[in-house]
>>> print(open('structure_5.cif').read())   # mmCIF, C-alpha atoms and all ligand atoms
data_structure
loop_
_atom_site.label_atom_id
_atom_site.label_comp_id
_atom_site.auth_asym_id
_atom_site.auth_seq_id
_atom_site.Cartn_x
_atom_site.Cartn_y
_atom_site.Cartn_z
CA MET T 1 -17.34 -6.96 -3.55
CA ASP T 2 -17.33 -3.23 -2.92
CA TYR T 3 -14.90 -0.41 -3.42
CA TYR T 4 -14.35 2.82 -1.53
CA ILE T 5 -12.63 6.09 -2.33
CA TYR T 6 -10.48 7.63 0.34
CA THR T 7 -9.84 11.34 0.13
CA ASN T 8 -7.61 13.10 2.64
CA TRP T 9 -8.77 16.67 2.46
CA LYS T 10 -6.46 18.00 5.19
CA ALA T 11 -3.09 16.83 3.97
CA GLY T 12 -1.10 19.65 2.47
CA ASP T 13 0.80 17.35 0.18
CA LYS T 14 -2.34 15.58 -0.97
CA VAL T 15 -1.94 14.65 -4.60
CA ASP T 16 -4.43 11.89 -5.22
CA ASN T 17 -7.45 9.97 -3.97
CA LYS T 18 -7.25 6.22 -3.56
CA ILE T 19 -9.59 3.40 -4.44
CA HIS T 20 -9.66 0.60 -1.87
CA HIS T 21 -11.28 -2.79 -1.91
CA TRP T 22 -13.59 -3.19 1.09
CA SER T 23 -11.39 -5.87 2.66
CA CYS T 24 -8.23 -3.77 2.51
CA GLY T 25 -6.54 -3.31 5.89
CA ASP T 26 -6.52 0.43 5.29
CA CYS T 27 -10.21 0.55 4.49
CA ARG T 28 -12.15 -2.01 6.58
CA MET T 29 -15.45 -1.23 4.88
CA GLY T 30 -15.05 2.51 5.25
CA LEU T 31 -14.04 2.49 8.90
CA GLY T 32 -10.40 3.20 8.24
CA LYS T 33 -7.39 1.80 10.04
CA HIS T 34 -7.35 4.35 12.84
CA ARG T 35 -10.26 2.98 14.79
CA ASN T 36 -10.27 5.72 17.43
CA ALA T 37 -9.60 8.65 15.17
CA THR T 38 -12.25 11.33 14.98
CA LYS T 39 -14.26 10.57 11.88
CA GLY T 40 -13.80 13.03 9.08
CA GLU T 41 -11.02 14.90 10.83
CA ASN T 42 -8.45 14.34 8.15
CA GLY T 43 -10.03 12.27 5.47
CA VAL T 44 -13.30 10.66 4.52
CA TRP T 45 -14.40 7.47 2.83
CA ILE T 46 -16.82 7.62 -0.05
CA GLY T 47 -18.71 4.56 -1.10
CA PRO T 48 -19.38 1.78 -1.43
CA PHE T 49 -19.21 1.36 -5.17
CA THR T 50 -19.96 -2.01 -6.73
CA LYS T 51 -17.36 -1.57 -9.42
CA ARG T 52 -13.94 0.01 -9.38
CA LYS T 53 -14.93 1.81 -12.59
CA GLN T 54 -17.82 3.56 -10.80
CA ALA T 55 -15.48 4.89 -8.14
CA LYS T 56 -13.19 6.20 -10.87
CA GLU T 57 -16.06 7.92 -12.65
CA PHE T 58 -17.29 9.47 -9.40
CA ASN T 59 -13.83 10.84 -8.71
CA GLU T 60 -13.54 12.28 -12.21
CA LYS T 61 -16.87 14.04 -11.81
CA TYR T 62 -16.51 15.44 -8.29
CA PHE T 63 -12.76 15.74 -7.79
CA THR T 64 -11.78 17.21 -11.11
CA ASN T 65 -8.48 18.48 -9.71
CA ILE T 66 -7.48 15.29 -7.85
CA PRO T 67 -6.41 12.19 -9.76
CA ILE T 68 -7.55 8.76 -8.60
CA VAL T 69 -5.14 5.88 -8.04
CA ASN T 70 -5.48 2.30 -6.86
CA CYS T 71 -4.30 1.45 -3.35
CA LYS T 72 -1.07 -0.51 -3.57
CA HIS T 73 -2.19 -2.98 -0.91
CA CYS T 74 -5.47 -4.08 -2.41
CA ASN T 75 -4.99 -3.29 -6.08
CA LYS T 76 -5.37 -6.93 -7.17
CA LYS T 77 -8.85 -7.45 -5.75
ZN ZN O 101 -6.35 -0.51 0.06
#
>>> encode(input="structure_5.cif", output="structure tokens")
Amino acid sequence: MDYYIYTNWKAGDKVDNKIHHWSCGDCRMGLGKHRNATKGENGVWIGPFTKRKQAKEFNEKYFTNIPIVNCKHCNKK
């Protein structure tokens, strides 16, 4: 069961990155919910990570100014 980080690098009000479970409707194994959107235009998926903890550690190392939070939709998985 894999996890992905989503970072929206275009949004002006961007305050955090989110960890998603691969099966999350927002994530779909890194494809995202906007199937026809230009990839990487607004945000990018990073992953997969085997453990949620790994995604957290990656974020702390490479996005030192952006906190990581769990997606509200798939937080339980
Ligand atoms: Zn999610």
>>> residues_near_ligand(input="structure_5.cif", ligand="ligand ZN 101 (chain O)", cutoff="10 Å", atoms="only C-alpha atoms and all ligand atoms", output="PyMOL selection string")
chain T and resi 3-6+18-28+32+70-77
>>> closest_residue(input="structure_5.cif", among="T:Thr38, T:Phe58, T:Arg52, T:Trp45", to="Trp9 (chain T)", atoms="all atoms listed in the file")
T:Trp45
>>> atom_distance(input="structure_5.cif", atom1="CA of Glu41 (chain T)", atom2="CA of Glu57 (chain T)")
25.0 Å
